Amino acid sequence: MRKLNIAVCENEEYELKQIGLLLERSAEAFGCAARIFSYRDSKSILDEMKKGSVRFDMLCLDVYIDEKTGFDISAAARRKGWSCAIVFISAFPDRMAESFRYVTSAYLVKPVDEGRVREAFGTALAHLEAEPSFLLSGKEDERSIPFHEIVYLESRLKQIYLYRRGEPEPIVFQSRLAEISREFPKEHFFLCHKSYLVNFHYVRRIDKIRHEVVLLDGTRLPVSRSCYRQILKDFMQFHSVAREGRDP
């Protein structure tokens, strides 16, 4: 049985409990076990996400919570590179279009019933199971590597070195970086050099003096002169989505 960590953030106590109950029933209907984490304010859930003691598979959020919104919380999750499913439940239908900037599975308008929550849960579950990945085909096997786990790729002598989060050694295969880079989501990956494709989720900053990308672990990658202005623009845009919801 699949086990899911689901965070619900809603400032009304009754609705918080009711949504949690409906999510538990929905999970049971889909053969899953749900562990519900309930939050009545944005600070509590953002602090939990910052600590990293729990990685949520699904976020179920109101839009208007307190001084922060559900969009701020969603942005914080995306900045961490989480591919969790996000469902909004709000009394305000006018924010629906904006919500999909955060790769949202569903937007429900209050009041909601069990059938609508179950349908949204099914959509979110399908999104989790269909995690966007890079398909690496070899002579003996095929591997599917989630995009969010790829830190960067390096091209050396007609070979690609793929560096994956948490793996000490790269995956090495033959290909051309210019060709395979087209398969990577442009909102996350940038060709900073003819030999390097980097995932912005793992970039701490751009060193403007040395023209280098500085990763979270201190690794430095070169930025070519032809790419410099564009990578600064794209990196700022990447981090401009609901900036206040980012981890400090």
# chains A, B, ... in the order shown; residues from 1 in each chain; ligands from 1
$ residues_around --residues "segment 78-83 of chain A" --least-positions-apart "5" --cutoff "10 Å" --atoms "only C-alpha atoms" --output "VMD selection string"
chain A and resid 49 to 50 52 55 to 58 72 to 73 102 to 103 127 to 128 131 to 132 146 to 149 188 199 to 202 238 to 239 241 243 245 to 247
$ select_by_dssp --residues "segment 132-246 of chain A" --states "alpha helix (DSSP H)" --output "ChimeraX atom specification"
/A:177-180,225-238
$ residues_around --residues "segment 95-101 of chain A" --least-positions-apart "3" --cutoff "10 Å" --atoms "only C-alpha atoms" --output "NGL selection string"
:A and (63 or 70-71 or 74-75 or 86-92 or 104-109 or 241-242)
$ write_last_selection --atoms "N, CA and C atoms" --output "CSV table (one decimal), in the first residue's frame"
chain,number,residue,atom,x,y,z
A,63,VAL,N,-6.2,29.5,-0.3
A,63,VAL,CA,-5.4,30.6,-1.0
A,63,VAL,C,-5.1,31.6,0.1
A,70,GLY,N,-1.6,30.6,0.1
A,70,GLY,CA,-1.2,29.2,-0.4
A,70,GLY,C,-0.2,29.3,-1.5
A,71,PHE,N,-0.2,30.3,-2.3
A,71,PHE,CA,0.7,30.5,-3.4
A,71,PHE,C,2.1,30.6,-2.8
A,74,SER,N,3.2,27.1,-1.9
A,74,SER,CA,3.5,26.4,-3.1
A,74,SER,C,4.8,26.8,-3.7
A,75,ALA,N,5.1,28.1,-3.7
A,75,ALA,CA,6.4,28.6,-4.3
A,75,ALA,C,7.6,28.0,-3.5
A,86,ILE,N,-0.2,19.5,-5.8
A,86,ILE,CA,-0.8,20.7,-5.1
A,86,ILE,C,-2.2,20.8,-5.5
A,87,VAL,N,-3.1,20.9,-4.4
A,87,VAL,CA,-4.5,21.1,-4.6
A,87,VAL,C,-4.9,22.3,-3.8
A,88,PHE,N,-5.6,23.2,-4.4
A,88,PHE,CA,-6.1,24.4,-3.7
A,88,PHE,C,-7.6,24.2,-3.5
A,89,ILE,N,-8.0,24.6,-2.3
A,89,ILE,CA,-9.5,24.6,-1.9
A,89,ILE,C,-9.8,26.0,-1.4
A,90,SER,N,-10.5,26.8,-2.2
A,90,SER,CA,-10.7,28.2,-1.8
A,90,SER,C,-12.1,28.7,-2.1
A,91,ALA,N,-12.5,29.7,-1.4
A,91,ALA,CA,-13.8,30.3,-1.6
A,91,ALA,C,-13.7,31.4,-2.7
A,92,PHE,N,-12.5,31.6,-3.3
A,92,PHE,CA,-12.3,32.6,-4.3
A,92,PHE,C,-11.9,32.0,-5.7
A,104,THR,N,-0.3,23.0,-10.6
A,104,THR,CA,-1.3,22.6,-9.7
A,104,THR,C,-2.1,21.4,-10.3
A,105,SER,N,-2.5,20.5,-9.4
A,105,SER,CA,-3.3,19.3,-9.9
A,105,SER,C,-4.8,19.7,-9.9
A,106,ALA,N,-5.3,20.5,-9.0
A,106,ALA,CA,-6.7,20.8,-9.0
A,106,ALA,C,-6.9,22.1,-8.2
A,107,TYR,N,-8.0,22.8,-8.5
A,107,TYR,CA,-8.4,24.0,-7.8
A,107,TYR,C,-9.9,23.9,-7.5
A,108,LEU,N,-10.3,23.7,-6.3
A,108,LEU,CA,-11.7,23.5,-5.9
A,108,LEU,C,-12.2,24.7,-5.2
A,109,VAL,N,-13.4,25.0,-5.6
A,109,VAL,CA,-14.1,26.2,-5.0
A,109,VAL,C,-15.1,25.7,-3.9
A,241,VAL,N,9.0,34.0,-8.8
A,241,VAL,CA,7.7,33.5,-8.6
A,241,VAL,C,7.4,33.5,-7.1
A,242,ALA,N,6.5,34.4,-6.6
A,242,ALA,CA,6.1,34.4,-5.2
A,242,ALA,C,7.3,34.5,-4.3
$ residues_around --residues "segment 152-156 of chain A" --least-positions-apart "5" --cutoff "12 Å" --atoms "only C-alpha atoms" --output "JSON, numbers by chain"
{"A": [134, 147, 161, 162, 163, 164, 165, 170, 171, 172, 173, 174, 175, 176, 177, 178, 179, 180, 181, 184, 188, 189, 190, 191, 192, 193, 194, 195, 196, 197, 198, 199, 200, 201, 202, 203, 213, 214, 215, 216, 219, 220, 221, 222]}
$ write_last_selection --atoms "N, CA and C atoms" --output "compact mmCIF listing (two decimals), in the first residue's frame"
# COMPACT_ATOMS: atom_id res chain seq x y z
N PHE A 134 13.65 11.84 -17.30
CA PHE A 134 14.52 11.69 -18.47
C PHE A 134 14.73 10.20 -18.70
N PHE A 147 13.44 14.35 -13.43
CA PHE A 147 14.15 15.60 -13.71
C PHE A 147 14.57 16.30 -12.43
N TYR A 161 28.06 13.24 -18.78
CA TYR A 161 28.17 12.89 -17.37
C TYR A 161 26.97 13.51 -16.66
N LEU A 162 26.07 12.67 -16.21
CA LEU A 162 24.84 13.13 -15.55
C LEU A 162 25.02 13.01 -14.04
N TYR A 163 24.94 14.15 -13.36
CA TYR A 163 25.10 14.19 -11.90
C TYR A 163 23.73 14.23 -11.25
N ARG A 164 23.47 13.22 -10.43
CA ARG A 164 22.16 13.05 -9.80
C ARG A 164 22.26 13.33 -8.31
N ARG A 165 21.24 13.96 -7.77
CA ARG A 165 21.21 14.29 -6.35
C ARG A 165 21.43 13.05 -5.48
N PRO A 170 28.79 10.13 -11.27
CA PRO A 170 27.85 10.45 -12.35
C PRO A 170 27.48 9.23 -13.18
N ILE A 171 26.38 9.33 -13.87
CA ILE A 171 25.99 8.33 -14.87
C ILE A 171 26.59 8.78 -16.19
N VAL A 172 27.30 7.91 -16.85
CA VAL A 172 28.02 8.26 -18.08
C VAL A 172 27.39 7.53 -19.27
N PHE A 173 27.10 8.28 -20.33
CA PHE A 173 26.54 7.67 -21.54
C PHE A 173 26.93 8.52 -22.74
N GLN A 174 26.80 7.96 -23.91
CA GLN A 174 27.17 8.66 -25.14
C GLN A 174 25.98 9.41 -25.71
N SER A 175 26.19 10.69 -25.99
CA SER A 175 25.15 11.51 -26.61
C SER A 175 25.72 12.90 -26.85
N ARG A 176 24.90 13.75 -27.43
CA ARG A 176 25.27 15.15 -27.64
C ARG A 176 24.41 16.03 -26.75
N LEU A 177 25.03 16.89 -25.98
CA LEU A 177 24.30 17.71 -25.02
C LEU A 177 23.30 18.63 -25.72
N ALA A 178 23.68 19.17 -26.85
CA ALA A 178 22.80 20.09 -27.57
C ALA A 178 21.50 19.41 -27.98
N GLU A 179 21.57 18.10 -28.25
CA GLU A 179 20.39 17.36 -28.69
C GLU A 179 19.51 16.97 -27.51
N ILE A 180 20.09 16.38 -26.48
CA ILE A 180 19.26 15.90 -25.37
C ILE A 180 18.73 17.03 -24.50
N SER A 181 19.38 18.21 -24.56
CA SER A 181 18.91 19.33 -23.75
C SER A 181 17.49 19.74 -24.13
N PHE A 184 14.68 18.46 -21.80
CA PHE A 184 14.60 18.93 -20.42
C PHE A 184 13.70 20.15 -20.32
N HIS A 188 13.30 24.91 -15.79
CA HIS A 188 14.20 24.47 -14.71
C HIS A 188 15.65 24.36 -15.15
N PHE A 189 15.87 24.04 -16.42
CA PHE A 189 17.22 23.74 -16.90
C PHE A 189 17.71 24.81 -17.86
N PHE A 190 19.00 25.12 -17.73
CA PHE A 190 19.59 26.15 -18.59
C PHE A 190 20.94 25.67 -19.11
N LEU A 191 21.13 25.86 -20.40
CA LEU A 191 22.41 25.52 -21.03
C LEU A 191 23.35 26.70 -20.82
N CYS A 192 24.07 26.67 -19.70
CA CYS A 192 24.91 27.82 -19.32
C CYS A 192 26.22 27.87 -20.10
N HIS A 193 26.52 26.77 -20.78
CA HIS A 193 27.77 26.64 -21.54
C HIS A 193 27.53 25.51 -22.53
N LYS A 194 28.26 25.48 -23.61
CA LYS A 194 28.04 24.42 -24.59
C LYS A 194 28.28 23.03 -23.99
N SER A 195 28.96 22.98 -22.85
CA SER A 195 29.27 21.69 -22.21
C SER A 195 28.52 21.45 -20.91
N TYR A 196 27.63 22.37 -20.50
CA TYR A 196 26.95 22.22 -19.21
C TYR A 196 25.47 22.59 -19.30
N LEU A 197 24.64 21.71 -18.77
CA LEU A 197 23.21 21.96 -18.62
C LEU A 197 22.90 21.86 -17.13
N VAL A 198 22.39 22.93 -16.52
CA VAL A 198 22.24 22.97 -15.07
C VAL A 198 20.78 23.13 -14.67
N ASN A 199 20.43 22.51 -13.55
CA ASN A 199 19.09 22.60 -12.97
C ASN A 199 19.07 23.76 -11.98
N PHE A 200 18.26 24.78 -12.25
CA PHE A 200 18.22 25.96 -11.40
C PHE A 200 17.84 25.65 -9.95
N HIS A 201 17.17 24.55 -9.70
CA HIS A 201 16.80 24.19 -8.33
C HIS A 201 18.04 24.01 -7.45
N TYR A 202 19.18 23.69 -8.06
CA TYR A 202 20.39 23.41 -7.30
C TYR A 202 21.41 24.55 -7.40
N VAL A 203 21.01 25.68 -7.93
CA VAL A 203 21.91 26.82 -8.07
C VAL A 203 21.72 27.78 -6.90
N VAL A 213 28.34 29.60 -12.41
CA VAL A 213 27.19 29.17 -11.64
C VAL A 213 27.71 28.48 -10.38
N VAL A 214 27.20 28.87 -9.22
CA VAL A 214 27.62 28.28 -7.95
C VAL A 214 26.47 27.41 -7.43
N LEU A 215 26.70 26.10 -7.31
CA LEU A 215 25.67 25.18 -6.86
C LEU A 215 25.57 25.18 -5.34
N LEU A 216 24.53 24.54 -4.83
CA LEU A 216 24.29 24.50 -3.39
C LEU A 216 25.44 23.86 -2.63
N THR A 219 29.96 23.53 -5.83
CA THR A 219 30.47 23.24 -7.16
C THR A 219 30.27 24.45 -8.07
N ARG A 220 31.28 24.72 -8.90
CA ARG A 220 31.20 25.85 -9.81
C ARG A 220 31.21 25.37 -11.26
N LEU A 221 30.30 25.92 -12.04
CA LEU A 221 30.22 25.59 -13.46
C LEU A 221 30.42 26.87 -14.28
N PRO A 222 31.13 26.79 -15.39
CA PRO A 222 31.38 27.99 -16.20
C PRO A 222 30.12 28.48 -16.92
$ select_by_dssp --residues "segment 19-235 of chain A" --states "strand (DSSP E)" --output "PDB file with N, CA and C atoms, in the first residue's frame"
ATOM      1  N   CYS A  32      -4.552   3.837  -0.823  1.00  0.00           N
ATOM      2  CA  CYS A  32      -3.372   4.473  -0.235  1.00  0.00           C
ATOM      3  C   CYS A  32      -3.588   4.679   1.269  1.00  0.00           C
ATOM      4  N   ALA A  33      -2.486   4.838   1.958  1.00  0.00           N
ATOM      5  CA  ALA A  33      -2.531   5.207   3.372  1.00  0.00           C
ATOM      6  C   ALA A  33      -2.052   6.649   3.480  1.00  0.00           C
ATOM      7  N   ALA A  34      -2.882   7.506   4.083  1.00  0.00           N
ATOM      8  CA  ALA A  34      -2.544   8.927   4.166  1.00  0.00           C
ATOM      9  C   ALA A  34      -2.205   9.331   5.593  1.00  0.00           C
ATOM     10  N   ARG A  35      -1.093  10.027   5.739  1.00  0.00           N
ATOM     11  CA  ARG A  35      -0.747  10.645   7.008  1.00  0.00           C
ATOM     12  C   ARG A  35      -0.978  12.144   6.846  1.00  0.00           C
ATOM     13  N   ILE A  36      -1.957  12.653   7.557  1.00  0.00           N
ATOM     14  CA  ILE A  36      -2.366  14.043   7.394  1.00  0.00           C
ATOM     15  C   ILE A  36      -1.648  14.940   8.400  1.00  0.00           C
ATOM     16  N   PHE A  37      -1.036  16.005   7.895  1.00  0.00           N
ATOM     17  CA  PHE A  37      -0.392  17.016   8.729  1.00  0.00           C
ATOM     18  C   PHE A  37      -1.230  18.289   8.602  1.00  0.00           C
ATOM     19  N   SER A  38      -1.808  18.745   9.694  1.00  0.00           N
ATOM     20  CA  SER A  38      -2.726  19.883   9.662  1.00  0.00           C
ATOM     21  C   SER A  38      -2.068  21.151  10.207  1.00  0.00           C
ATOM     22  N   TYR A  39      -2.267  22.275   9.476  1.00  0.00           N
ATOM     23  CA  TYR A  39      -1.685  23.552   9.881  1.00  0.00           C
ATOM     24  C   TYR A  39      -2.738  24.654   9.744  1.00  0.00           C
ATOM     25  N   MET A  58       1.852  15.618  -1.035  1.00  0.00           N
ATOM     26  CA  MET A  58       0.714  16.400  -1.506  1.00  0.00           C
ATOM     27  C   MET A  58       0.473  17.579  -0.564  1.00  0.00           C
ATOM     28  N   LEU A  59       0.172  18.739  -1.158  1.00  0.00           N
ATOM     29  CA  LEU A  59      -0.203  19.920  -0.394  1.00  0.00           C
ATOM     30  C   LEU A  59      -1.645  20.268  -0.739  1.00  0.00           C
ATOM     31  N   CYS A  60      -2.466  20.448   0.282  1.00  0.00           N
ATOM     32  CA  CYS A  60      -3.852  20.868   0.096  1.00  0.00           C
ATOM     33  C   CYS A  60      -4.004  22.203   0.815  1.00  0.00           C
ATOM     34  N   LEU A  61      -4.177  23.288   0.054  1.00  0.00           N
ATOM     35  CA  LEU A  61      -4.011  24.628   0.610  1.00  0.00           C
ATOM     36  C   LEU A  61      -5.199  25.538   0.325  1.00  0.00           C
ATOM     37  N   ALA A  85       2.293  16.965  -5.406  1.00  0.00           N
ATOM     38  CA  ALA A  85       1.045  17.416  -6.008  1.00  0.00           C
ATOM     39  C   ALA A  85       0.460  18.536  -5.151  1.00  0.00           C
ATOM     40  N   ILE A  86      -0.173  19.513  -5.800  1.00  0.00           N
ATOM     41  CA  ILE A  86      -0.755  20.650  -5.085  1.00  0.00           C
ATOM     42  C   ILE A  86      -2.222  20.789  -5.459  1.00  0.00           C
ATOM     43  N   VAL A  87      -3.068  20.864  -4.430  1.00  0.00           N
ATOM     44  CA  VAL A  87      -4.505  21.071  -4.608  1.00  0.00           C
ATOM     45  C   VAL A  87      -4.904  22.299  -3.801  1.00  0.00           C
ATOM     46  N   PHE A  88      -5.608  23.231  -4.444  1.00  0.00           N
ATOM     47  CA  PHE A  88      -6.129  24.400  -3.739  1.00  0.00           C
ATOM     48  C   PHE A  88      -7.616  24.208  -3.473  1.00  0.00           C
ATOM     49  N   ILE A  89      -8.046  24.589  -2.275  1.00  0.00           N
ATOM     50  CA  ILE A  89      -9.463  24.623  -1.931  1.00  0.00           C
ATOM     51  C   ILE A  89      -9.751  26.014  -1.392  1.00  0.00           C
ATOM     52  N   SER A  90     -10.499  26.803  -2.157  1.00  0.00           N
ATOM     53  CA  SER A  90     -10.666  28.217  -1.826  1.00  0.00           C
ATOM     54  C   SER A  90     -12.095  28.671  -2.087  1.00  0.00           C
ATOM     55  N   ALA A 106      -5.275  20.505  -9.000  1.00  0.00           N
ATOM     56  CA  ALA A 106      -6.699  20.844  -8.977  1.00  0.00           C
ATOM     57  C   ALA A 106      -6.922  22.118  -8.183  1.00  0.00           C
ATOM     58  N   TYR A 107      -8.004  22.806  -8.524  1.00  0.00           N
ATOM     59  CA  TYR A 107      -8.423  24.010  -7.794  1.00  0.00           C
ATOM     60  C   TYR A 107      -9.915  23.853  -7.526  1.00  0.00           C
ATOM     61  N   LEU A 108     -10.283  23.661  -6.268  1.00  0.00           N
ATOM     62  CA  LEU A 108     -11.670  23.450  -5.894  1.00  0.00           C
ATOM     63  C   LEU A 108     -12.224  24.707  -5.230  1.00  0.00           C
ATOM     64  N   VAL A 109     -13.450  25.043  -5.578  1.00  0.00           N
ATOM     65  CA  VAL A 109     -14.109  26.198  -4.997  1.00  0.00           C
ATOM     66  C   VAL A 109     -15.061  25.731  -3.897  1.00  0.00           C
ATOM     67  N   SER A 133      10.289  12.642 -16.214  1.00  0.00           N
ATOM     68  CA  SER A 133      11.601  11.999 -16.094  1.00  0.00           C
ATOM     69  C   SER A 133      12.349  12.014 -17.425  1.00  0.00           C
ATOM     70  N   PHE A 134      13.651  11.836 -17.305  1.00  0.00           N
ATOM     71  CA  PHE A 134      14.516  11.688 -18.469  1.00  0.00           C
ATOM     72  C   PHE A 134      14.733  10.196 -18.703  1.00  0.00           C
ATOM     73  N   LEU A 135      14.376   9.722 -19.890  1.00  0.00           N
ATOM     74  CA  LEU A 135      14.509   8.308 -20.216  1.00  0.00           C
ATOM     75  C   LEU A 135      15.877   8.064 -20.838  1.00  0.00           C
ATOM     76  N   LEU A 136      16.676   7.258 -20.157  1.00  0.00           N
ATOM     77  CA  LEU A 136      18.024   6.947 -20.613  1.00  0.00           C
ATOM     78  C   LEU A 136      18.042   5.517 -21.131  1.00  0.00           C
ATOM     79  N   SER A 137      18.223   5.365 -22.433  1.00  0.00           N
ATOM     80  CA  SER A 137      18.217   4.040 -23.061  1.00  0.00           C
ATOM     81  C   SER A 137      19.640   3.565 -23.296  1.00  0.00           C
ATOM     82  N   GLU A 142      17.001   0.218 -19.683  1.00  0.00           N
ATOM     83  CA  GLU A 142      16.486   1.582 -19.759  1.00  0.00           C
ATOM     84  C   GLU A 142      16.260   2.090 -18.346  1.00  0.00           C
ATOM     85  N   ARG A 143      16.587   3.354 -18.141  1.00  0.00           N
ATOM     86  CA  ARG A 143      16.392   3.956 -16.832  1.00  0.00           C
ATOM     87  C   ARG A 143      15.592   5.243 -16.968  1.00  0.00           C
ATOM     88  N   SER A 144      14.701   5.461 -15.995  1.00  0.00           N
ATOM     89  CA  SER A 144      13.922   6.683 -15.952  1.00  0.00           C
ATOM     90  C   SER A 144      14.408   7.502 -14.759  1.00  0.00           C
ATOM     91  N   ILE A 145      14.953   8.679 -15.027  1.00  0.00           N
ATOM     92  CA  ILE A 145      15.529   9.517 -13.980  1.00  0.00           C
ATOM     93  C   ILE A 145      14.688  10.776 -13.824  1.00  0.00           C
ATOM     94  N   PRO A 146      14.011  10.936 -12.680  1.00  0.00           N
ATOM     95  CA  PRO A 146      13.192  12.140 -12.476  1.00  0.00           C
ATOM     96  C   PRO A 146      14.008  13.417 -12.697  1.00  0.00           C
ATOM     97  N   ILE A 150      18.046  15.514 -11.077  1.00  0.00           N
ATOM     98  CA  ILE A 150      19.233  15.781 -11.898  1.00  0.00           C
ATOM     99  C   ILE A 150      19.788  17.161 -11.550  1.00  0.00           C
ATOM    100  N   VAL A 151      21.033  17.201 -11.096  1.00  0.00           N
ATOM    101  CA  VAL A 151      21.661  18.467 -10.691  1.00  0.00           C
ATOM    102  C   VAL A 151      22.228  19.185 -11.910  1.00  0.00           C
ATOM    103  N   TYR A 152      23.053  18.489 -12.682  1.00  0.00           N
ATOM    104  CA  TYR A 152      23.553  19.060 -13.934  1.00  0.00           C
ATOM    105  C   TYR A 152      24.126  17.957 -14.817  1.00  0.00           C
ATOM    106  N   LEU A 153      24.323  18.318 -16.084  1.00  0.00           N
ATOM    107  CA  LEU A 153      24.935  17.406 -17.040  1.00  0.00           C
ATOM    108  C   LEU A 153      26.161  18.089 -17.636  1.00  0.00           C
ATOM    109  N   GLU A 154      27.194  17.290 -17.868  1.00  0.00           N
ATOM    110  CA  GLU A 154      28.438  17.796 -18.447  1.00  0.00           C
ATOM    111  C   GLU A 154      28.798  16.974 -19.672  1.00  0.00           C
ATOM    112  N   SER A 155      29.212  17.655 -20.726  1.00  0.00           N
ATOM    113  CA  SER A 155      29.629  16.980 -21.957  1.00  0.00           C
ATOM    114  C   SER A 155      31.154  16.963 -22.043  1.00  0.00           C
ATOM    115  N   ARG A 156      31.690  15.739 -22.219  1.00  0.00           N
ATOM    116  CA  ARG A 156      33.147  15.585 -22.346  1.00  0.00           C
ATOM    117  C   ARG A 156      33.467  14.525 -23.386  1.00  0.00           C
ATOM    118  N   GLN A 159      30.834  12.221 -24.604  1.00  0.00           N
ATOM    119  CA  GLN A 159      30.139  11.512 -23.535  1.00  0.00           C
ATOM    120  C   GLN A 159      29.459  12.511 -22.613  1.00  0.00           C
ATOM    121  N   ILE A 160      28.320  12.090 -22.061  1.00  0.00           N
ATOM    122  CA  ILE A 160      27.572  12.921 -21.124  1.00  0.00           C
ATOM    123  C   ILE A 160      27.754  12.361 -19.720  1.00  0.00           C
ATOM    124  N   TYR A 161      28.065  13.236 -18.779  1.00  0.00           N
ATOM    125  CA  TYR A 161      28.171  12.886 -17.369  1.00  0.00           C
ATOM    126  C   TYR A 161      26.970  13.508 -16.659  1.00  0.00           C
ATOM    127  N   LEU A 162      26.066  12.671 -16.205  1.00  0.00           N
ATOM    128  CA  LEU A 162      24.843  13.131 -15.547  1.00  0.00           C
ATOM    129  C   LEU A 162      25.017  13.012 -14.039  1.00  0.00           C
ATOM    130  N   TYR A 163      24.936  14.151 -13.358  1.00  0.00           N
ATOM    131  CA  TYR A 163      25.103  14.187 -11.904  1.00  0.00           C
ATOM    132  C   TYR A 163      23.728  14.232 -11.248  1.00  0.00           C
ATOM    133  N   ARG A 164      23.473  13.222 -10.432  1.00  0.00           N
ATOM    134  CA  ARG A 164      22.162  13.048  -9.805  1.00  0.00           C
ATOM    135  C   ARG A 164      22.256  13.325  -8.312  1.00  0.00           C
ATOM    136  N   ILE A 171      26.377   9.329 -13.874  1.00  0.00           N
ATOM    137  CA  ILE A 171      25.985   8.327 -14.870  1.00  0.00           C
ATOM    138  C   ILE A 171      26.589   8.776 -16.189  1.00  0.00           C
ATOM    139  N   VAL A 172      27.304   7.905 -16.853  1.00  0.00           N
ATOM    140  CA  VAL A 172      28.022   8.259 -18.084  1.00  0.00           C
ATOM    141  C   VAL A 172      27.390   7.531 -19.271  1.00  0.00           C
ATOM    142  N   PHE A 173      27.103   8.277 -20.327  1.00  0.00           N
ATOM    143  CA  PHE A 173      26.544   7.674 -21.541  1.00  0.00           C
ATOM    144  C   PHE A 173      26.929   8.524 -22.740  1.00  0.00           C
ATOM    145  N   GLN A 174      26.804   7.959 -23.914  1.00  0.00           N
ATOM    146  CA  GLN A 174      27.170   8.657 -25.141  1.00  0.00           C
ATOM    147  C   GLN A 174      25.978   9.414 -25.710  1.00  0.00           C
ATOM    148  N   PHE A 189      15.867  24.035 -16.420  1.00  0.00           N
ATOM    149  CA  PHE A 189      17.219  23.740 -16.895  1.00  0.00           C
ATOM    150  C   PHE A 189      17.709  24.812 -17.859  1.00  0.00           C
ATOM    151  N   PHE A 190      18.998  25.124 -17.732  1.00  0.00           N
ATOM    152  CA  PHE A 190      19.589  26.146 -18.589  1.00  0.00           C
ATOM    153  C   PHE A 190      20.939  25.672 -19.114  1.00  0.00           C
ATOM    154  N   LEU A 191      21.130  25.863 -20.402  1.00  0.00           N
ATOM    155  CA  LEU A 191      22.407  25.520 -21.034  1.00  0.00           C
ATOM    156  C   LEU A 191      23.348  26.704 -20.816  1.00  0.00           C
ATOM    157  N   CYS A 192      24.073  26.675 -19.702  1.00  0.00           N
ATOM    158  CA  CYS A 192      24.915  27.817 -19.321  1.00  0.00           C
ATOM    159  C   CYS A 192      26.223  27.867 -20.105  1.00  0.00           C
ATOM    160  N   HIS A 193      26.522  26.773 -20.784  1.00  0.00           N
ATOM    161  CA  HIS A 193      27.767  26.638 -21.536  1.00  0.00           C
ATOM    162  C   HIS A 193      27.527  25.511 -22.533  1.00  0.00           C
ATOM    163  N   TYR A 196      27.632  22.373 -20.503  1.00  0.00           N
ATOM    164  CA  TYR A 196      26.953  22.219 -19.212  1.00  0.00           C
ATOM    165  C   TYR A 196      25.473  22.593 -19.304  1.00  0.00           C
ATOM    166  N   LEU A 197      24.644  21.713 -18.766  1.00  0.00           N
ATOM    167  CA  LEU A 197      23.213  21.963 -18.616  1.00  0.00           C
ATOM    168  C   LEU A 197      22.903  21.857 -17.127  1.00  0.00           C
ATOM    169  N   VAL A 198      22.394  22.932 -16.524  1.00  0.00           N
ATOM    170  CA  VAL A 198      22.244  22.968 -15.072  1.00  0.00           C
ATOM    171  C   VAL A 198      20.780  23.126 -14.670  1.00  0.00           C
ATOM    172  N   ASN A 199      20.433  22.506 -13.545  1.00  0.00           N
ATOM    173  CA  ASN A 199      19.092  22.600 -12.973  1.00  0.00           C
ATOM    174  C   ASN A 199      19.074  23.763 -11.975  1.00  0.00           C
ATOM    175  N   VAL A 203      21.007  25.676  -7.933  1.00  0.00           N
ATOM    176  CA  VAL A 203      21.908  26.820  -8.074  1.00  0.00           C
ATOM    177  C   VAL A 203      21.716  27.775  -6.904  1.00  0.00           C
ATOM    178  N   ARG A 204      22.805  28.059  -6.194  1.00  0.00           N
ATOM    179  CA  ARG A 204      22.746  29.017  -5.086  1.00  0.00           C
ATOM    180  C   ARG A 204      22.793  30.445  -5.609  1.00  0.00           C
ATOM    181  N   ARG A 205      23.719  30.712  -6.547  1.00  0.00           N
ATOM    182  CA  ARG A 205      23.858  32.071  -7.059  1.00  0.00           C
ATOM    183  C   ARG A 205      24.651  32.058  -8.361  1.00  0.00           C
ATOM    184  N   ILE A 206      24.654  33.205  -9.026  1.00  0.00           N
ATOM    185  CA  ILE A 206      25.497  33.416 -10.202  1.00  0.00           C
ATOM    186  C   ILE A 206      26.637  34.347  -9.800  1.00  0.00           C
ATOM    187  N   ASP A 207      27.860  33.880  -9.960  1.00  0.00           N
ATOM    188  CA  ASP A 207      29.026  34.706  -9.648  1.00  0.00           C
ATOM    189  C   ASP A 207      29.264  35.643 -10.833  1.00  0.00           C
ATOM    190  N   GLU A 212      30.407  32.406 -13.307  1.00  0.00           N
ATOM    191  CA  GLU A 212      30.221  31.000 -12.967  1.00  0.00           C
ATOM    192  C   GLU A 212      28.892  30.793 -12.247  1.00  0.00           C
ATOM    193  N   VAL A 213      28.341  29.598 -12.405  1.00  0.00           N
ATOM    194  CA  VAL A 213      27.186  29.166 -11.641  1.00  0.00           C
ATOM    195  C   VAL A 213      27.708  28.483 -10.383  1.00  0.00           C
ATOM    196  N   VAL A 214      27.195  28.874  -9.221  1.00  0.00           N
ATOM    197  CA  VAL A 214      27.616  28.278  -7.952  1.00  0.00           C
ATOM    198  C   VAL A 214      26.465  27.413  -7.432  1.00  0.00           C
ATOM    199  N   LEU A 215      26.700  26.103  -7.313  1.00  0.00           N
ATOM    200  CA  LEU A 215      25.673  25.185  -6.861  1.00  0.00           C
ATOM    201  C   LEU A 215      25.569  25.179  -5.337  1.00  0.00           C
ATOM    202  N   ARG A 220      31.278  24.715  -8.900  1.00  0.00           N
ATOM    203  CA  ARG A 220      31.203  25.852  -9.813  1.00  0.00           C
ATOM    204  C   ARG A 220      31.213  25.365 -11.257  1.00  0.00           C
ATOM    205  N   LEU A 221      30.301  25.924 -12.044  1.00  0.00           N
ATOM    206  CA  LEU A 221      30.222  25.593 -13.463  1.00  0.00           C
ATOM    207  C   LEU A 221      30.417  26.867 -14.279  1.00  0.00           C
ATOM    208  N   PRO A 222      31.127  26.789 -15.394  1.00  0.00           N
ATOM    209  CA  PRO A 222      31.376  27.992 -16.196  1.00  0.00           C
ATOM    210  C   PRO A 222      30.120  28.476 -16.918  1.00  0.00           C
TER     211      PRO A 222
END
$ residues_around --residues "segment 17-19 of chain A" --least-positions-apart "4" --cutoff "10 Å" --atoms "only C-alpha atoms" --output "compact mmCIF listing (two decimals) with C-alpha atoms, in the first residue's frame"
# COMPACT_ATOMS: atom_id res chain seq x y z
CA VAL A 8 -3.38 20.65 4.79
CA CYS A 9 -3.19 24.37 5.54
CA GLU A 10 -6.50 26.08 6.32
CA GLU A 12 -10.64 27.65 9.82
CA GLU A 13 -10.53 24.82 12.37
CA LEU A 23 -8.56 13.29 2.12
CA GLU A 24 -8.21 10.23 4.36
CA ARG A 25 -11.35 8.72 2.81
CA ILE A 36 -2.37 14.04 7.39
CA SER A 38 -2.73 19.88 9.66
CA CYS A 60 -3.85 20.87 0.10
CA LEU A 61 -4.01 24.63 0.61
CA ILE A 89 -9.46 24.62 -1.93
CA VAL A 112 -16.61 21.03 -1.42
CA ASP A 113 -18.07 17.56 -0.99
CA GLU A 114 -16.49 14.14 -0.79
CA VAL A 117 -12.27 15.98 -3.15
